[in-house]
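The next block holds one structure in the form of structure tokens; read it before the comments.
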Amino acid sequence: MAEIAVADGSWTFNGEFLRIVPGSDKGVHELRRTLGEVVVPLEAIASMAFEPSRKGGHVRMRLRKGADPLSDAVAGLLGPPADPYRLSVPKSRAGAAEYFADEVRDTLLVYQTPTAACDDYLLAGPSVPVSATAGDGTALFDGERVRLEWTGFASSEKEKAGPQEFPLADVAGVEWKPQSGMGYGTLRFRVKGEGPAQPPQKDLHCVSWGIQRFGGTTALVAAAVLARLPREAELPPPTPPGSDDVHDAVLRRLGELGELHRSGVLTDEEFAAAKQAMIRRLQET
């Protein structure tokens, strides 16, 4: 088992699942604290890396497209400190973070985890009911209906129209983007049969904000709705032939090598050489 625990949170990997727990520090973003613990299955991970910086760096995980409704909803626009799949690491823990990333990467290589898009979500997404307030409105979703209630920052058009409510069956899509420059951040629901797109401040199916970068926890509402929209059925790609027994044996051996390395029996160079030999053995089967 590999683990990295810092003030920003803890990541634990047991070879099958990666468990993410946000830190309790006040600096941890509201979105991550509200989302809470996330369990990511190995097959949902596309890549893992440690990105060093002058003050330490980040452990960053990228998920396969279609594996996680939150990742799909934000489309790569949810940066630090709100991104739950990026762990901020101080300089003193950079070595442990790099080791952790290596452990996950090696397991992905051993199991030859696919990186292509998933046909079905492998993560359930945020639980419901869920709600978020930002800028001119509050978005609420109970699993069956979306409701938008306007705040005192709403335009006269939205105030006059009053709260909007529509069933999930009427939602054709959901779009989220952060605030940037002079533009608005938006949580927009595309409803079947609606007319031409309106500016965010006039769109009755859109919550918009101009100050908060990520609109509080609005991305969680977007993800919860997206997770429950029907997806087009596609045939999964054929499973390539292979030997599960060989995979399991190599993975067990990699775990043993890791224990020997951590206990000081193997040097860094010996551990790296032995690990590469085991990976080459797998690739030759």
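Identifiers in the structure tokens: chain A, B, ... in order shown; residue index from 1 per chain; ligand index from 1 in order shown.
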
Which residues are near Glu157 of chain A? Cut-off 12 Å, only C-alpha atoms, ignore same chain within fewer than 6 positions. Put them as a VMD selection string. chain A and resid 136 150 163 198 to 205

Export C-alpha atoms of the chosen residues as an mmCIF file, in the first residue's frame?
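result39.cif written:
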data_model
loop_
_atom_site.group_PDB
_atom_site.id
_atom_site.type_symbol
_atom_site.label_atom_id
_atom_site.label_comp_id
_atom_site.auth_asym_id
_atom_site.auth_seq_id
_atom_site.Cartn_x
_atom_site.Cartn_y
_atom_site.Cartn_z
ATOM 1 C CA ASP A 136 -27.245 35.631 -9.136
ATOM 2 C CA TRP A 150 -32.561 33.922 -7.819
ATOM 3 C CA PRO A 163 -37.774 30.582 -9.696
ATOM 4 C CA GLN A 198 -29.329 34.140 -24.091
ATOM 5 C CA PRO A 199 -26.581 36.076 -22.261
ATOM 6 C CA PRO A 200 -25.886 34.510 -18.830
ATOM 7 C CA GLN A 201 -27.521 37.364 -16.894
ATOM 8 C CA LYS A 202 -30.760 36.889 -18.862
ATOM 9 C CA ASP A 203 -30.765 33.112 -19.347
ATOM 10 C CA LEU A 204 -33.461 31.608 -17.111
ATOM 11 C CA HIS A 205 -31.688 28.240 -17.148
#

Would you mind writing down, as number ranges by chain, each residue of segment 40-227 of chain A that DSSP on the backbone assigns to alpha helix (DSSP H)? A: 69-74, 94-111, 156-161, 218-227

From a DSSP pass on the backbone, collect the residues of segment 81-283 of chain A flagged as strand (DSSP E or B) and hand them back as a PyMOL selection string. chain A and resi 86-90+130-134+137-141+145-150+164-167+171-177+185-191+206-209

Take the residues from that selection and put them in a file with N, CA and C atoms, as a compact mmCIF listing (two decimals), in the first residue's frame.
# COMPACT_ATOMS: atom_id res chain seq x y z
N ARG A 86 -5.86 16.84 -7.57
CA ARG A 86 -4.54 17.45 -7.50
C ARG A 86 -4.22 17.71 -6.03
N LEU A 87 -3.11 17.14 -5.55
CA LEU A 87 -2.74 17.27 -4.15
C LEU A 87 -1.50 18.15 -4.03
N SER A 88 -1.63 19.24 -3.27
CA SER A 88 -0.51 20.15 -3.06
C SER A 88 0.44 19.58 -2.02
N VAL A 89 1.72 19.49 -2.37
CA VAL A 89 2.72 18.84 -1.51
C VAL A 89 3.84 19.82 -1.17
N PRO A 90 4.19 19.96 0.12
CA PRO A 90 5.31 20.84 0.50
C PRO A 90 6.64 20.23 0.08
N VAL A 130 -28.18 18.06 -3.70
CA VAL A 130 -27.02 18.92 -3.71
C VAL A 130 -27.45 20.31 -4.14
N SER A 131 -26.82 21.33 -3.58
CA SER A 131 -27.17 22.70 -3.96
C SER A 131 -25.93 23.58 -3.88
N ALA A 132 -25.97 24.70 -4.57
CA ALA A 132 -24.85 25.64 -4.57
C ALA A 132 -25.38 27.03 -4.90
N THR A 133 -24.84 28.03 -4.23
CA THR A 133 -25.20 29.42 -4.48
C THR A 133 -23.98 30.18 -4.96
N ALA A 134 -24.16 30.94 -6.03
CA ALA A 134 -23.08 31.79 -6.54
C ALA A 134 -23.71 32.91 -7.36
N GLY A 137 -27.77 33.37 -8.33
CA GLY A 137 -28.76 32.34 -8.05
C GLY A 137 -28.25 31.15 -7.26
N THR A 138 -29.20 30.31 -6.88
CA THR A 138 -28.93 29.04 -6.21
C THR A 138 -29.47 27.92 -7.07
N ALA A 139 -28.64 26.92 -7.32
CA ALA A 139 -29.06 25.74 -8.08
C ALA A 139 -29.24 24.58 -7.13
N LEU A 140 -30.40 23.91 -7.21
CA LEU A 140 -30.70 22.77 -6.36
C LEU A 140 -31.08 21.58 -7.23
N PHE A 141 -30.59 20.39 -6.85
CA PHE A 141 -30.91 19.17 -7.59
C PHE A 141 -31.13 18.04 -6.61
N ARG A 145 -35.34 16.56 -10.07
CA ARG A 145 -35.70 17.89 -10.57
C ARG A 145 -34.59 18.89 -10.28
N VAL A 146 -34.44 19.85 -11.20
CA VAL A 146 -33.51 20.97 -11.02
C VAL A 146 -34.35 22.20 -10.70
N ARG A 147 -33.90 22.97 -9.71
CA ARG A 147 -34.59 24.20 -9.36
C ARG A 147 -33.57 25.34 -9.26
N LEU A 148 -33.89 26.47 -9.86
CA LEU A 148 -33.05 27.66 -9.81
C LEU A 148 -33.80 28.76 -9.08
N GLU A 149 -33.21 29.27 -8.02
CA GLU A 149 -33.80 30.36 -7.25
C GLU A 149 -32.84 31.55 -7.33
N TRP A 150 -33.39 32.74 -7.57
CA TRP A 150 -32.56 33.92 -7.82
C TRP A 150 -32.24 34.68 -6.53
N GLN A 164 -37.15 28.95 -11.35
CA GLN A 164 -37.35 28.03 -12.47
C GLN A 164 -37.15 26.60 -11.98
N GLU A 165 -38.02 25.70 -12.42
CA GLU A 165 -37.92 24.29 -12.02
C GLU A 165 -38.27 23.42 -13.21
N PHE A 166 -37.49 22.37 -13.42
CA PHE A 166 -37.75 21.47 -14.54
C PHE A 166 -37.25 20.07 -14.19
N PRO A 167 -37.92 19.05 -14.71
CA PRO A 167 -37.51 17.67 -14.40
C PRO A 167 -36.23 17.29 -15.13
N VAL A 171 -33.82 17.86 -19.31
CA VAL A 171 -32.47 18.40 -19.44
C VAL A 171 -31.73 17.67 -20.56
N ALA A 172 -31.26 18.45 -21.54
CA ALA A 172 -30.52 17.88 -22.66
C ALA A 172 -29.02 17.90 -22.41
N GLY A 173 -28.58 18.73 -21.48
CA GLY A 173 -27.16 18.81 -21.18
C GLY A 173 -26.89 19.84 -20.10
N VAL A 174 -25.69 19.83 -19.57
CA VAL A 174 -25.30 20.79 -18.54
C VAL A 174 -23.91 21.30 -18.87
N GLU A 175 -23.71 22.62 -18.73
CA GLU A 175 -22.42 23.23 -19.06
C GLU A 175 -21.95 24.06 -17.87
N TRP A 176 -20.66 23.93 -17.55
CA TRP A 176 -20.08 24.69 -16.44
C TRP A 176 -18.78 25.32 -16.90
N LYS A 177 -18.54 26.55 -16.50
CA LYS A 177 -17.24 27.17 -16.76
C LYS A 177 -16.94 28.18 -15.66
N GLY A 185 -18.67 33.48 -14.82
CA GLY A 185 -18.67 32.05 -14.60
C GLY A 185 -20.11 31.60 -14.70
N THR A 186 -20.35 30.39 -15.22
CA THR A 186 -21.73 29.98 -15.45
C THR A 186 -21.97 28.51 -15.16
N LEU A 187 -23.16 28.22 -14.68
CA LEU A 187 -23.71 26.87 -14.60
C LEU A 187 -24.99 26.93 -15.42
N ARG A 188 -24.96 26.34 -16.61
CA ARG A 188 -26.07 26.47 -17.56
C ARG A 188 -26.66 25.09 -17.86
N PHE A 189 -27.98 25.02 -17.81
CA PHE A 189 -28.69 23.79 -18.16
C PHE A 189 -29.33 23.96 -19.53
N ARG A 190 -29.02 23.05 -20.42
CA ARG A 190 -29.67 23.07 -21.74
C ARG A 190 -30.94 22.25 -21.65
N VAL A 191 -32.06 22.93 -21.86
CA VAL A 191 -33.37 22.30 -21.71
C VAL A 191 -33.97 22.03 -23.08
N CYS A 206 -29.77 29.46 -16.30
CA CYS A 206 -28.35 29.65 -16.04
C CYS A 206 -28.12 30.45 -14.76
N VAL A 207 -27.24 29.94 -13.90
CA VAL A 207 -26.75 30.69 -12.75
C VAL A 207 -25.40 31.28 -13.17
N SER A 208 -25.18 32.58 -12.93
CA SER A 208 -23.93 33.21 -13.35
C SER A 208 -23.32 34.01 -12.21
N TRP A 209 -22.00 34.12 -12.22
CA TRP A 209 -21.29 34.86 -11.19
C TRP A 209 -20.11 35.60 -11.80

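Within 9 Å of Thr115 of chain A, once only C-alpha atoms are used and residues closer than 6 positions along the same chain are dropped, the contacting residues are Glu43, Ala44, Ile45, Ala46, Ser47, Leu63, Arg64 and Lys65 of chain A.
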
Residue among A:Val28, A:Ala73, A:Leu35, A:Ala2 lying closest to Pro178 of chain A, counting only C-alpha atoms: A:Ala73

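Each of A:Ser53, A:Ser180, A:Thr34, A:Thr107 was checked against Gly216 of chain A using only C-alpha atoms; the smallest atom-to-atom distance is that of A:Thr34.
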
Set the distance at 10 Å and use only C-alpha atoms: which residues neighbour His29 of chain A once local chain neighbours fewer than 6 positions away are removed? I'd like the list as a count of residues only. 10
